[in-house]
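Worksheet for the structure shown next.
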Amino acid sequence: MSEAINLGSIDDIDEGEAKVVSGAENGTGEDIAVFHAEDGNFYALDDNCTHETASLADGWIEGTEVECPVHSAKFCLKSGAALCMPATIAARTHKVVVEDGEVLLYPNTSAVPASA
Amino acid sequence: MALESVIVVGGGMAGFTTVKDLRARGFEGTLTIVDPEGLPYDRPPLSKDYLLGTRTGEQIQLADASWFEEQNVQVITGKAVALRPDEGMVILESGRELSADKIVLATGGAARRLDIPGGDLESVLELRNRADADNLRSLLRPGVHLAIIGAGLIGAETASSALAFDAEVTLIDPVEPPLVPAVGLALAERLHHMHGARGIKVVTGVPLAISADEAAHRIEMDSGEAITADLVLVGIGIVPETALAASAGLDIDNGTLVDDHQRTSHPNVYAVGDSSRTRQPDGTLLRRAEHWEHAMHTGSTAAAALLGQDLPVHGASWFWSDRHGVHVEGVGSMLGDGIIVVREKDGVPVASFRLAADGTMAGCAAIDGGLTVRAARRIIDRGIRVDPVLLADPGVDLKKLAR
């Protein structure tokens with residue numbers, strides 16, 4: 001598993017909001033969006049929409065989904081699955097853990113456990 | 001009898017969504033798409049990224065070839081020329097006959113030609129499919145003069161894209177500013193002004209005739225002015241492609257008539273997307289929609305209806321446009337009674353809202369306001385009453401009003 005990046009207190013990202021961790025900072029080269037979903041949990045996806053260029057962190061976060069702010073493609077924050085057109089490709093997930101009130105992002109570590 | 005096979009004629013957004021949703025909803029029977037252009041692709045990029053060459057043909061496909069294999073969907077490259085609905089038969093230009101339990105017509109439309117002398121000239125360009133975009137791209141080069149008739153979405157977007165080729169662009173529309181019904185006056189003016197600010201020559205007027213010789217095209221305007229241009233592109237909407245429906249004797253009135261299940265007047269045939277038009281139970285006809293999202297929604301509805309499942313509920317209609325580096329979106333309708341509220345930021349209009357007499361929102365449009373439009377869509381769909389003062393205040397987060 002990759003090194004965790006400490007994003008600070010859970011209070012730094014309001015529920016229904018997201019924060020971008022730049023590709024340089026997270027080491028993957030791709031920006032990662034860390035979402036504070038309405039179920040209270042934190043999730044992370046590659047920030048760029050899989051359809052065209054758009055920041056999912058700027059999208060509409062509702063429940064455990066995010067809707068792209070440009071063409072309204074929806075993604076599941078838990079699995080990255082593309083839930084509607086125009087996206088047909090899933091967004092890559094990254095593992096997020098909350099420890100002692102702090103948000104830890106594991107870039108390049110899938111949030112979805114590999115199936116047995 | 002359970003549905004065993006479906007043929008979808010047309011691989012645009014509506015046809016592709018029908019196929020995709022049939023599989024997503026559990027249909028395991030034989031599924032075929034027939035389209036002269038082969039694998040389904042997305043059309044909005046044709047006036048933008050695809051025209052510019054920044055996205056390839058492969059990159060605008062709605063799904064790659066492997067998806068169709070995995071989903072066991074047969075894609076036949078060919079043109080359907082006739083239907084025999086009683087037999088569920090589709091006849092291709094090649095003479096090949098295909099049959100299925102149900103046929104879905106997703107035939108889209110052809111670019112509408114100008115009904116003036118010279119409107120039918122072969123050299124007058126249109127932008128409807130990939131070949132049109134390839135052709136236009138091959139003709140655009142520094143200094144070439146492109147006159148575009150019609151400053152709606154395709155015309156405005158193509159004008160903007162053509163500047164990237166250092167082409168000289170003239171944009172002609174009878175209305176000034178265009179798009180008021182779609183985005184309201186304030187945003188329409190702001191958008192229209194961008195054309196001139198970027199060096200496009202904007203002409204308000206009606207073309208009366210187009211002529212061409214080896215050197216150039218000449219557009220005679222109602223003002224008496226003549227516009228000379230190397231290339232002429234017409235973007236004034238579409239004519240629905242209903243020839244197949246006609247060959248089957250289906251009811252047609254500026255579109256193949258369908259009910260709320262996308263069923264045509266023949267029980268074996270459904271129609272979706274631009275070529276379909278809804279006839280309500282009392283016989284009244286809805287306005288035929290020509291938008292990407294409508295194509296997707298009607299495809300989803302047809303898939304559910306074909307399988308006898310509950311029909312999906314679609315909210316307020318939505319569209320977008322990209323030009324001159326800005327992203328425009330609209331939801332619901334800006335056209336109708338009520339009051340218009342304009343939100344300005346630093347004196348520049350960024351969003352417009354239409355409130356109905358009862359205080360609910362009926363429409364919203366915004367420039368670079370993705371979250372505003374997404375909030376407005378929920379406010380409209382949920383029937384929430386909103387305070388016009390808050391709507392006008394750029395400091396108020398619309399998302400909070402949507403809760």
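By order of appearance in the structure tokens: chains A, B, ..., then residues from 1 within every chain, and ligands from 1 in the order shown.
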
If you run DSSP over the backbone, which residues in range 42-159 of chain B end up alpha helix (DSSP H)? Put them as a ChimeraX atom specification. /B:49-52,65-70,130-139,153-159

Any chance you could export the current selection's N, CA, C and O atoms as an mmCIF file, in the first residue's frame?
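Below is the file again_13.cif, written as the result:
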```
data_model
loop_
_atom_site.group_PDB
_atom_site.id
_atom_site.type_symbol
_atom_site.label_atom_id
_atom_site.label_comp_id
_atom_site.auth_asym_id
_atom_site.auth_seq_id
_atom_site.Cartn_x
_atom_site.Cartn_y
_atom_site.Cartn_z
ATOM 1 N N ASP B 49 -14.558 19.808 -30.012
ATOM 2 C CA ASP B 49 -13.279 19.084 -29.952
ATOM 3 C C ASP B 49 -12.988 18.255 -31.196
ATOM 4 O O ASP B 49 -11.840 18.180 -31.639
ATOM 5 N N TYR B 50 -14.000 17.626 -31.744
ATOM 6 C CA TYR B 50 -13.741 16.775 -32.907
ATOM 7 C C TYR B 50 -13.389 17.625 -34.132
ATOM 8 O O TYR B 50 -12.474 17.298 -34.887
ATOM 9 N N LEU B 51 -14.114 18.738 -34.278
ATOM 10 C CA LEU B 51 -13.803 19.645 -35.397
ATOM 11 C C LEU B 51 -12.388 20.203 -35.250
ATOM 12 O O LEU B 51 -11.635 20.304 -36.222
ATOM 13 N N LEU B 52 -12.034 20.540 -34.009
ATOM 14 C CA LEU B 52 -10.713 21.110 -33.750
ATOM 15 C C LEU B 52 -9.604 20.073 -33.914
ATOM 16 O O LEU B 52 -8.435 20.424 -34.045
ATOM 17 N N ALA B 65 -15.368 -0.781 -29.298
ATOM 18 C CA ALA B 65 -15.831 -2.009 -29.956
ATOM 19 C C ALA B 65 -15.958 -3.163 -28.970
ATOM 20 O O ALA B 65 -16.867 -3.992 -29.078
ATOM 21 N N SER B 66 -15.054 -3.205 -27.990
ATOM 22 C CA SER B 66 -15.079 -4.333 -27.048
ATOM 23 C C SER B 66 -16.361 -4.340 -26.216
ATOM 24 O O SER B 66 -16.856 -5.394 -25.828
ATOM 25 N N TRP B 67 -16.899 -3.155 -25.953
ATOM 26 C CA TRP B 67 -18.146 -3.089 -25.172
ATOM 27 C C TRP B 67 -19.270 -3.828 -25.908
ATOM 28 O O TRP B 67 -20.032 -4.583 -25.307
ATOM 29 N N PHE B 68 -19.345 -3.609 -27.216
ATOM 30 C CA PHE B 68 -20.421 -4.248 -27.988
ATOM 31 C C PHE B 68 -20.241 -5.765 -28.006
ATOM 32 O O PHE B 68 -21.218 -6.509 -28.002
ATOM 33 N N GLU B 69 -18.976 -6.197 -28.010
ATOM 34 C CA GLU B 69 -18.716 -7.643 -27.947
ATOM 35 C C GLU B 69 -19.125 -8.199 -26.598
ATOM 36 O O GLU B 69 -19.850 -9.186 -26.514
ATOM 37 N N GLU B 70 -18.684 -7.510 -25.544
ATOM 38 C CA GLU B 70 -19.014 -7.983 -24.188
ATOM 39 C C GLU B 70 -20.519 -8.021 -23.965
ATOM 40 O O GLU B 70 -21.044 -8.917 -23.303
ATOM 41 N N ARG B 130 -19.983 12.897 -38.683
ATOM 42 C CA ARG B 130 -18.528 12.930 -38.626
ATOM 43 C C ARG B 130 -17.918 13.336 -39.965
ATOM 44 O O ARG B 130 -16.955 14.103 -40.015
ATOM 45 N N ALA B 131 -18.492 12.849 -41.047
ATOM 46 C CA ALA B 131 -17.962 13.193 -42.374
ATOM 47 C C ALA B 131 -18.101 14.693 -42.639
ATOM 48 O O ALA B 131 -17.206 15.312 -43.234
ATOM 49 N N ASP B 132 -19.215 15.288 -42.181
ATOM 50 C CA ASP B 132 -19.387 16.740 -42.339
ATOM 51 C C ASP B 132 -18.284 17.485 -41.602
ATOM 52 O O ASP B 132 -17.738 18.476 -42.098
ATOM 53 N N ALA B 133 -17.981 17.037 -40.380
ATOM 54 C CA ALA B 133 -16.956 17.702 -39.575
ATOM 55 C C ALA B 133 -15.579 17.517 -40.212
ATOM 56 O O ALA B 133 -14.773 18.457 -40.263
ATOM 57 N N ASP B 134 -15.315 16.309 -40.728
ATOM 58 C CA ASP B 134 -14.027 16.052 -41.398
ATOM 59 C C ASP B 134 -13.872 16.969 -42.610
ATOM 60 O O ASP B 134 -12.804 17.543 -42.847
ATOM 61 N N ASN B 135 -14.956 17.110 -43.350
ATOM 62 C CA ASN B 135 -14.937 17.953 -44.543
ATOM 63 C C ASN B 135 -14.671 19.412 -44.178
ATOM 64 O O ASN B 135 -13.812 20.078 -44.755
ATOM 65 N N LEU B 136 -15.407 19.901 -43.176
ATOM 66 C CA LEU B 136 -15.239 21.298 -42.763
ATOM 67 C C LEU B 136 -13.811 21.541 -42.263
ATOM 68 O O LEU B 136 -13.180 22.546 -42.607
ATOM 69 N N ARG B 137 -13.298 20.585 -41.469
ATOM 70 C CA ARG B 137 -11.936 20.744 -40.936
ATOM 71 C C ARG B 137 -10.917 20.841 -42.072
ATOM 72 O O ARG B 137 -9.975 21.621 -42.024
ATOM 73 N N SER B 138 -11.142 20.049 -43.121
ATOM 74 C CA SER B 138 -10.187 20.040 -44.235
ATOM 75 C C SER B 138 -10.213 21.356 -45.005
ATOM 76 O O SER B 138 -9.253 21.707 -45.691
ATOM 77 N N LEU B 139 -11.326 22.096 -44.877
ATOM 78 C CA LEU B 139 -11.463 23.350 -45.629
ATOM 79 C C LEU B 139 -11.035 24.574 -44.826
ATOM 80 O O LEU B 139 -10.765 25.635 -45.393
ATOM 81 N N LEU B 153 -27.032 26.987 -31.489
ATOM 82 C CA LEU B 153 -25.939 26.301 -30.794
ATOM 83 C C LEU B 153 -24.848 25.866 -31.759
ATOM 84 O O LEU B 153 -23.670 26.172 -31.562
ATOM 85 N N ILE B 154 -25.211 25.172 -32.828
ATOM 86 C CA ILE B 154 -24.192 24.655 -33.748
ATOM 87 C C ILE B 154 -23.485 25.796 -34.464
ATOM 88 O O ILE B 154 -22.262 25.809 -34.595
ATOM 89 N N GLY B 155 -24.241 26.792 -34.895
ATOM 90 C CA GLY B 155 -23.645 27.921 -35.605
ATOM 91 C C GLY B 155 -22.654 28.673 -34.731
ATOM 92 O O GLY B 155 -21.530 28.979 -35.152
ATOM 93 N N ALA B 156 -23.056 28.967 -33.507
ATOM 94 C CA ALA B 156 -22.193 29.719 -32.598
ATOM 95 C C ALA B 156 -20.959 28.907 -32.223
ATOM 96 O O ALA B 156 -19.845 29.426 -32.166
ATOM 97 N N GLU B 157 -21.147 27.637 -31.972
ATOM 98 C CA GLU B 157 -20.013 26.794 -31.581
ATOM 99 C C GLU B 157 -19.022 26.643 -32.739
ATOM 100 O O GLU B 157 -17.808 26.694 -32.547
ATOM 101 N N THR B 158 -19.558 26.461 -33.927
ATOM 102 C CA THR B 158 -18.682 26.293 -35.081
ATOM 103 C C THR B 158 -17.941 27.592 -35.379
ATOM 104 O O THR B 158 -16.756 27.574 -35.736
ATOM 105 N N ALA B 159 -18.618 28.727 -35.208
ATOM 106 C CA ALA B 159 -17.959 30.022 -35.407
ATOM 107 C C ALA B 159 -16.770 30.143 -34.459
ATOM 108 O O ALA B 159 -15.667 30.537 -34.849
#
```

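Near Ala106 in chain B, within 9 Å and counting only C-alpha atoms, sit Val8, Val9, Gly10, Gly11, Gly12, Met13, Ala14, Gly15, Phe16, Thr18, Glu241, Tyr270, Ala271, Val272, Gly273, Asp274, Ser275, Ser276, Ala295 and Gly299 of chain B, not including residues fewer than 6 positions from it in the same chain.
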
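With CA of Ile7 in chain B on one side and CA of Val81 in chain B on the other, the separation reads 13.9 Å.
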
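Among A:Ala4, A:Cys84, A:Ala37, A:Val103, the residue with the shortest atom-to-atom distance to chain B, counting only C-alpha atoms, is A:Cys84.
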
Could I get the residues of chain B with an atom no further than 9 Å from an atom of chain A, each paired with its nearest atom pair and that distance in Å to one decimal, using only C-alpha atoms, sorted by chain and residue number, as a tab-separated table?
```
residue	atom	partner	partner_atom	distance
B:Thr17	CA	A:Met85	CA	8.4
B:Asp42	CA	A:Pro86	CA	8.8
B:Leu62	CA	A:Thr88	CA	7.5
B:Ala63	CA	A:Thr88	CA	6.9
B:Met296	CA	A:Met85	CA	8.0
B:Phe319	CA	A:His71	CA	8.9
B:Trp320	CA	A:His71	CA	7.7
B:His327	CA	A:Val70	CA	7.7
B:Glu329	CA	A:Val70	CA	8.5
B:Asp368	CA	A:Val70	CA	8.8
B:Gly369	CA	A:Pro69	CA	8.3
B:Gly370	CA	A:Pro69	CA	4.7
B:Leu371	CA	A:Pro69	CA	6.2
B:Val373	CA	A:Pro69	CA	8.7
B:Arg374	CA	A:Trp60	CA	7.0
B:Ala375	CA	A:Trp60	CA	8.3
B:Lys399	CA	A:Trp60	CA	8.7
```

Print the selection's residues with N, CA, C and O atoms to a file, as a tab-separated table (two decimals), in the first residue's frame.
```
chain	number	residue	atom	x	y	z
B	17	THR	N	-28.49	4.57	-26.36
B	17	THR	CA	-29.05	4.48	-25.01
B	17	THR	C	-30.09	3.37	-24.92
B	17	THR	O	-30.17	2.66	-23.92
B	42	ASP	N	-20.80	10.11	-30.34
B	42	ASP	CA	-21.46	11.24	-29.73
B	42	ASP	C	-21.35	12.45	-30.67
B	42	ASP	O	-20.27	12.74	-31.18
B	62	LEU	N	-19.38	6.33	-28.38
B	62	LEU	CA	-20.15	6.23	-27.14
B	62	LEU	C	-19.71	5.02	-26.32
B	62	LEU	O	-19.92	4.98	-25.11
B	63	ALA	N	-19.11	4.05	-26.99
B	63	ALA	CA	-18.49	2.92	-26.29
B	63	ALA	C	-17.53	2.29	-27.29
B	63	ALA	O	-17.75	2.41	-28.50
B	296	MET	N	-31.30	10.80	-25.10
B	296	MET	CA	-30.95	9.82	-24.07
B	296	MET	C	-32.19	9.38	-23.29
B	296	MET	O	-32.42	8.18	-23.08
B	319	PHE	N	-29.86	21.43	-21.48
B	319	PHE	CA	-28.96	21.46	-22.63
B	319	PHE	C	-27.70	22.22	-22.26
B	319	PHE	O	-27.67	22.93	-21.25
B	320	TRP	N	-26.68	22.08	-23.07
B	320	TRP	CA	-25.47	22.89	-22.85
B	320	TRP	C	-24.90	23.31	-24.19
B	320	TRP	O	-25.24	22.76	-25.23
B	327	HIS	N	-18.89	27.94	-20.87
B	327	HIS	CA	-19.80	26.80	-20.85
B	327	HIS	C	-21.18	27.32	-20.48
B	327	HIS	O	-21.36	27.94	-19.43
B	329	GLU	N	-25.29	26.54	-19.91
B	329	GLU	CA	-26.26	25.48	-19.66
B	329	GLU	C	-27.63	26.09	-19.40
B	329	GLU	O	-27.74	27.20	-18.88
B	368	ASP	N	-20.96	29.37	-17.25
B	368	ASP	CA	-19.96	28.87	-16.30
B	368	ASP	C	-20.54	28.76	-14.89
B	368	ASP	O	-19.89	29.13	-13.91
B	369	GLY	N	-21.74	28.22	-14.81
B	369	GLY	CA	-22.41	28.08	-13.50
B	369	GLY	C	-22.93	26.67	-13.31
B	369	GLY	O	-24.13	26.46	-13.12
B	370	GLY	N	-22.04	25.70	-13.39
B	370	GLY	CA	-22.44	24.29	-13.31
B	370	GLY	C	-23.28	23.97	-12.09
B	370	GLY	O	-24.33	23.34	-12.18
B	371	LEU	N	-22.84	24.44	-10.92
B	371	LEU	CA	-23.58	24.09	-9.70
B	371	LEU	C	-24.90	24.84	-9.62
B	371	LEU	O	-25.88	24.34	-9.08
B	373	VAL	N	-26.85	25.59	-12.12
B	373	VAL	CA	-27.81	24.88	-12.96
B	373	VAL	C	-28.23	23.56	-12.30
B	373	VAL	O	-29.41	23.19	-12.34
B	374	ARG	N	-27.26	22.87	-11.68
B	374	ARG	CA	-27.62	21.62	-11.02
B	374	ARG	C	-28.56	21.85	-9.84
B	374	ARG	O	-29.48	21.09	-9.58
B	375	ALA	N	-28.34	22.95	-9.12
B	375	ALA	CA	-29.25	23.29	-8.03
B	375	ALA	C	-30.62	23.67	-8.59
B	375	ALA	O	-31.65	23.22	-8.08
B	399	LYS	N	-27.28	25.93	-3.91
B	399	LYS	CA	-27.37	24.56	-3.41
B	399	LYS	C	-28.18	24.53	-2.11
B	399	LYS	O	-28.94	23.61	-1.86
```

Chain A: which residues are strand (DSSP E or B) by DSSP, as a PyMOL selection string? chain A and resi 5-9+18-21+32-36+42-46+48+55+60-62+65-67+74-76+82+93-99+102-106

Any idea what's packed within 10 Å of Gln71 in chain B, counting only C-alpha atoms, ignoring anything in its chain fewer than 5 positions away? Could you give it as number ranges by chain? B: 19-20, 23-24, 28, 31, 66

Limited to N, CA and C atoms, could you put the picked residues into a file as a PDB file, in the first residue's frame?
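Generated file (out_36.pdb):
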```pdb
ATOM      1  N   VAL B  19     -30.120   0.584 -26.529  1.00  0.00           N
ATOM      2  CA  VAL B  19     -29.380  -0.676 -26.461  1.00  0.00           C
ATOM      3  C   VAL B  19     -28.718  -0.862 -25.093  1.00  0.00           C
ATOM      4  N   LYS B  20     -28.062   0.205 -24.669  1.00  0.00           N
ATOM      5  CA  LYS B  20     -27.342   0.145 -23.394  1.00  0.00           C
ATOM      6  C   LYS B  20     -28.313  -0.151 -22.244  1.00  0.00           C
ATOM      7  N   ARG B  23     -29.778  -3.767 -22.133  1.00  0.00           N
ATOM      8  CA  ARG B  23     -28.872  -4.711 -21.477  1.00  0.00           C
ATOM      9  C   ARG B  23     -28.798  -4.439 -19.972  1.00  0.00           C
ATOM     10  N   ALA B  24     -28.709  -3.160 -19.596  1.00  0.00           N
ATOM     11  CA  ALA B  24     -28.604  -2.818 -18.174  1.00  0.00           C
ATOM     12  C   ALA B  24     -29.845  -3.271 -17.408  1.00  0.00           C
ATOM     13  N   GLU B  28     -31.665 -10.208 -22.342  1.00  0.00           N
ATOM     14  CA  GLU B  28     -30.596 -11.112 -22.788  1.00  0.00           C
ATOM     15  C   GLU B  28     -30.792 -11.617 -24.211  1.00  0.00           C
ATOM     16  N   LEU B  31     -29.774  -8.540 -29.908  1.00  0.00           N
ATOM     17  CA  LEU B  31     -29.831  -7.084 -29.960  1.00  0.00           C
ATOM     18  C   LEU B  31     -28.912  -6.592 -31.087  1.00  0.00           C
ATOM     19  N   SER B  66     -15.054  -3.205 -27.990  1.00  0.00           N
ATOM     20  CA  SER B  66     -15.079  -4.333 -27.048  1.00  0.00           C
ATOM     21  C   SER B  66     -16.361  -4.340 -26.216  1.00  0.00           C
TER      22      SER B  66
END
```

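Across the structure, CA of Thr360 in chain B and CA of Leu286 in chain B are spaced 22.3 Å apart.
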
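Taking only C-alpha atoms into account, Ala33 in chain A lies nearest to A:Thr93 out of the set A:Ser9, A:Thr53, A:Thr93, A:Thr109.
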
Applying 9 Å and only C-alpha atoms, which residues near Gly101 in chain A remain after dropping the ones on its own chain fewer than 5 positions away? List them as a ChimeraX atom specification. /A:8-11

Env of range 207-210 of chain B: 10 Å cut, atoms = only C-alpha atoms, seq-sep filter 6 positions within chain, self excluded. Answer as a PDB file with N, CA, C and O atoms, in the first residue's frame.
```pdb
ATOM      1  N   LEU B 114     -31.741  25.638 -46.317  1.00  0.00           N
ATOM      2  CA  LEU B 114     -32.435  26.916 -46.459  1.00  0.00           C
ATOM      3  C   LEU B 114     -33.345  26.855 -47.673  1.00  0.00           C
ATOM      4  O   LEU B 114     -32.918  26.481 -48.766  1.00  0.00           O
ATOM      5  N   ASP B 115     -34.577  27.265 -47.459  1.00  0.00           N
ATOM      6  CA  ASP B 115     -35.548  27.203 -48.548  1.00  0.00           C
ATOM      7  C   ASP B 115     -35.494  28.505 -49.354  1.00  0.00           C
ATOM      8  O   ASP B 115     -36.460  29.263 -49.426  1.00  0.00           O
ATOM      9  N   ILE B 116     -34.324  28.765 -49.936  1.00  0.00           N
ATOM     10  CA  ILE B 116     -34.132  29.961 -50.767  1.00  0.00           C
ATOM     11  C   ILE B 116     -33.358  29.532 -52.011  1.00  0.00           C
ATOM     12  O   ILE B 116     -32.756  28.452 -52.013  1.00  0.00           O
ATOM     13  N   PRO B 117     -33.347  30.358 -53.052  1.00  0.00           N
ATOM     14  CA  PRO B 117     -32.541  29.992 -54.229  1.00  0.00           C
ATOM     15  C   PRO B 117     -31.088  29.747 -53.821  1.00  0.00           C
ATOM     16  O   PRO B 117     -30.502  30.565 -53.101  1.00  0.00           O
ATOM     17  N   GLY B 118     -30.540  28.633 -54.211  1.00  0.00           N
ATOM     18  CA  GLY B 118     -29.163  28.297 -53.869  1.00  0.00           C
ATOM     19  C   GLY B 118     -29.022  27.587 -52.536  1.00  0.00           C
ATOM     20  O   GLY B 118     -27.930  27.130 -52.189  1.00  0.00           O
ATOM     21  N   GLY B 119     -30.115  27.482 -51.784  1.00  0.00           N
ATOM     22  CA  GLY B 119     -30.060  26.777 -50.499  1.00  0.00           C
ATOM     23  C   GLY B 119     -29.717  25.311 -50.672  1.00  0.00           C
ATOM     24  O   GLY B 119     -29.250  24.657 -49.742  1.00  0.00           O
ATOM     25  N   ASP B 120     -29.972  24.809 -51.887  1.00  0.00           N
ATOM     26  CA  ASP B 120     -29.716  23.392 -52.147  1.00  0.00           C
ATOM     27  C   ASP B 120     -28.387  23.160 -52.869  1.00  0.00           C
ATOM     28  O   ASP B 120     -28.099  22.053 -53.314  1.00  0.00           O
ATOM     29  N   LEU B 121     -27.558  24.211 -52.979  1.00  0.00           N
ATOM     30  CA  LEU B 121     -26.253  24.036 -53.628  1.00  0.00           C
ATOM     31  C   LEU B 121     -25.448  22.964 -52.903  1.00  0.00           C
ATOM     32  O   LEU B 121     -25.395  22.942 -51.679  1.00  0.00           O
ATOM     33  N   VAL B 124     -22.862  24.171 -50.348  1.00  0.00           N
ATOM     34  CA  VAL B 124     -23.274  24.744 -49.062  1.00  0.00           C
ATOM     35  C   VAL B 124     -23.137  23.652 -48.000  1.00  0.00           C
ATOM     36  O   VAL B 124     -23.684  22.560 -48.136  1.00  0.00           O
ATOM     37  N   ILE B 149     -24.716  30.600 -41.504  1.00  0.00           N
ATOM     38  CA  ILE B 149     -26.092  31.078 -41.435  1.00  0.00           C
ATOM     39  C   ILE B 149     -26.795  30.313 -40.319  1.00  0.00           C
ATOM     40  O   ILE B 149     -26.912  29.084 -40.361  1.00  0.00           O
ATOM     41  N   ILE B 172     -24.424  34.888 -39.374  1.00  0.00           N
ATOM     42  CA  ILE B 172     -25.655  35.529 -39.841  1.00  0.00           C
ATOM     43  C   ILE B 172     -26.864  34.920 -39.125  1.00  0.00           C
ATOM     44  O   ILE B 172     -27.006  33.697 -39.066  1.00  0.00           O
ATOM     45  N   ASP B 173     -27.707  35.778 -38.581  1.00  0.00           N
ATOM     46  CA  ASP B 173     -28.938  35.286 -37.956  1.00  0.00           C
ATOM     47  C   ASP B 173     -30.006  36.360 -38.108  1.00  0.00           C
ATOM     48  O   ASP B 173     -29.707  37.547 -38.036  1.00  0.00           O
ATOM     49  N   PRO B 174     -31.256  35.959 -38.314  1.00  0.00           N
ATOM     50  CA  PRO B 174     -32.309  36.969 -38.474  1.00  0.00           C
ATOM     51  C   PRO B 174     -32.645  37.684 -37.172  1.00  0.00           C
ATOM     52  O   PRO B 174     -33.267  38.754 -37.201  1.00  0.00           O
ATOM     53  N   HIS B 217     -18.650  32.063 -52.741  1.00  0.00           N
ATOM     54  CA  HIS B 217     -20.097  32.086 -52.569  1.00  0.00           C
ATOM     55  C   HIS B 217     -20.532  33.525 -52.330  1.00  0.00           C
ATOM     56  O   HIS B 217     -19.786  34.321 -51.757  1.00  0.00           O
ATOM     57  N   ARG B 218     -21.749  33.791 -52.714  1.00  0.00           N
ATOM     58  CA  ARG B 218     -22.286  35.122 -52.513  1.00  0.00           C
ATOM     59  C   ARG B 218     -23.677  34.948 -51.885  1.00  0.00           C
ATOM     60  O   ARG B 218     -24.542  34.243 -52.405  1.00  0.00           O
ATOM     61  N   ILE B 219     -23.859  35.596 -50.723  1.00  0.00           N
ATOM     62  CA  ILE B 219     -25.144  35.508 -50.018  1.00  0.00           C
ATOM     63  C   ILE B 219     -25.831  36.864 -50.129  1.00  0.00           C
ATOM     64  O   ILE B 219     -25.299  37.881 -49.665  1.00  0.00           O
ATOM     65  N   GLU B 220     -26.979  36.871 -50.785  1.00  0.00           N
ATOM     66  CA  GLU B 220     -27.761  38.116 -50.900  1.00  0.00           C
ATOM     67  C   GLU B 220     -28.621  38.246 -49.652  1.00  0.00           C
ATOM     68  O   GLU B 220     -29.393  37.345 -49.332  1.00  0.00           O
ATOM     69  N   MET B 221     -28.480  39.395 -48.984  1.00  0.00           N
ATOM     70  CA  MET B 221     -29.244  39.617 -47.762  1.00  0.00           C
ATOM     71  C   MET B 221     -30.456  40.507 -48.019  1.00  0.00           C
ATOM     72  O   MET B 221     -30.494  41.258 -48.996  1.00  0.00           O
ATOM     73  N   ASP B 222     -31.443  40.448 -47.092  1.00  0.00           N
ATOM     74  CA  ASP B 222     -32.644  41.263 -47.269  1.00  0.00           C
ATOM     75  C   ASP B 222     -32.343  42.761 -47.149  1.00  0.00           C
ATOM     76  O   ASP B 222     -33.131  43.592 -47.578  1.00  0.00           O
ATOM     77  N   SER B 223     -31.199  43.106 -46.587  1.00  0.00           N
ATOM     78  CA  SER B 223     -30.813  44.516 -46.456  1.00  0.00           C
ATOM     79  C   SER B 223     -30.309  45.082 -47.781  1.00  0.00           C
ATOM     80  O   SER B 223     -30.082  46.281 -47.902  1.00  0.00           O
ATOM     81  N   GLY B 224     -30.093  44.191 -48.771  1.00  0.00           N
ATOM     82  CA  GLY B 224     -29.493  44.621 -50.023  1.00  0.00           C
ATOM     83  C   GLY B 224     -27.991  44.343 -50.060  1.00  0.00           C
ATOM     84  O   GLY B 224     -27.374  44.347 -51.119  1.00  0.00           O
ATOM     85  N   GLU B 225     -27.448  44.086 -48.865  1.00  0.00           N
ATOM     86  CA  GLU B 225     -26.018  43.773 -48.763  1.00  0.00           C
ATOM     87  C   GLU B 225     -25.767  42.381 -49.363  1.00  0.00           C
ATOM     88  O   GLU B 225     -26.628  41.510 -49.333  1.00  0.00           O
ATOM     89  N   ALA B 226     -24.565  42.198 -49.889  1.00  0.00           N
ATOM     90  CA  ALA B 226     -24.172  40.863 -50.329  1.00  0.00           C
ATOM     91  C   ALA B 226     -22.929  40.461 -49.556  1.00  0.00           C
ATOM     92  O   ALA B 226     -21.998  41.257 -49.401  1.00  0.00           O
ATOM     93  N   ILE B 227     -22.935  39.243 -49.056  1.00  0.00           N
ATOM     94  CA  ILE B 227     -21.782  38.755 -48.300  1.00  0.00           C
ATOM     95  C   ILE B 227     -21.052  37.735 -49.163  1.00  0.00           C
ATOM     96  O   ILE B 227     -21.650  36.761 -49.634  1.00  0.00           O
ATOM     97  N   THR B 228     -19.777  37.985 -49.379  1.00  0.00           N
ATOM     98  CA  THR B 228     -18.974  37.063 -50.177  1.00  0.00           C
ATOM     99  C   THR B 228     -18.126  36.218 -49.241  1.00  0.00           C
ATOM    100  O   THR B 228     -17.496  36.749 -48.328  1.00  0.00           O
ATOM    101  N   VAL B 232     -19.784  28.438 -47.039  1.00  0.00           N
ATOM    102  CA  VAL B 232     -21.051  28.761 -46.384  1.00  0.00           C
ATOM    103  C   VAL B 232     -21.523  27.519 -45.637  1.00  0.00           C
ATOM    104  O   VAL B 232     -21.603  26.427 -46.207  1.00  0.00           O
TER     105      VAL B 232
END
```

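Shortest atom-to-atom contact with Tyr43 in chain A among A:Asp100, A:Val112, A:Leu83, A:Glu30: A:Val112, counting only C-alpha atoms.
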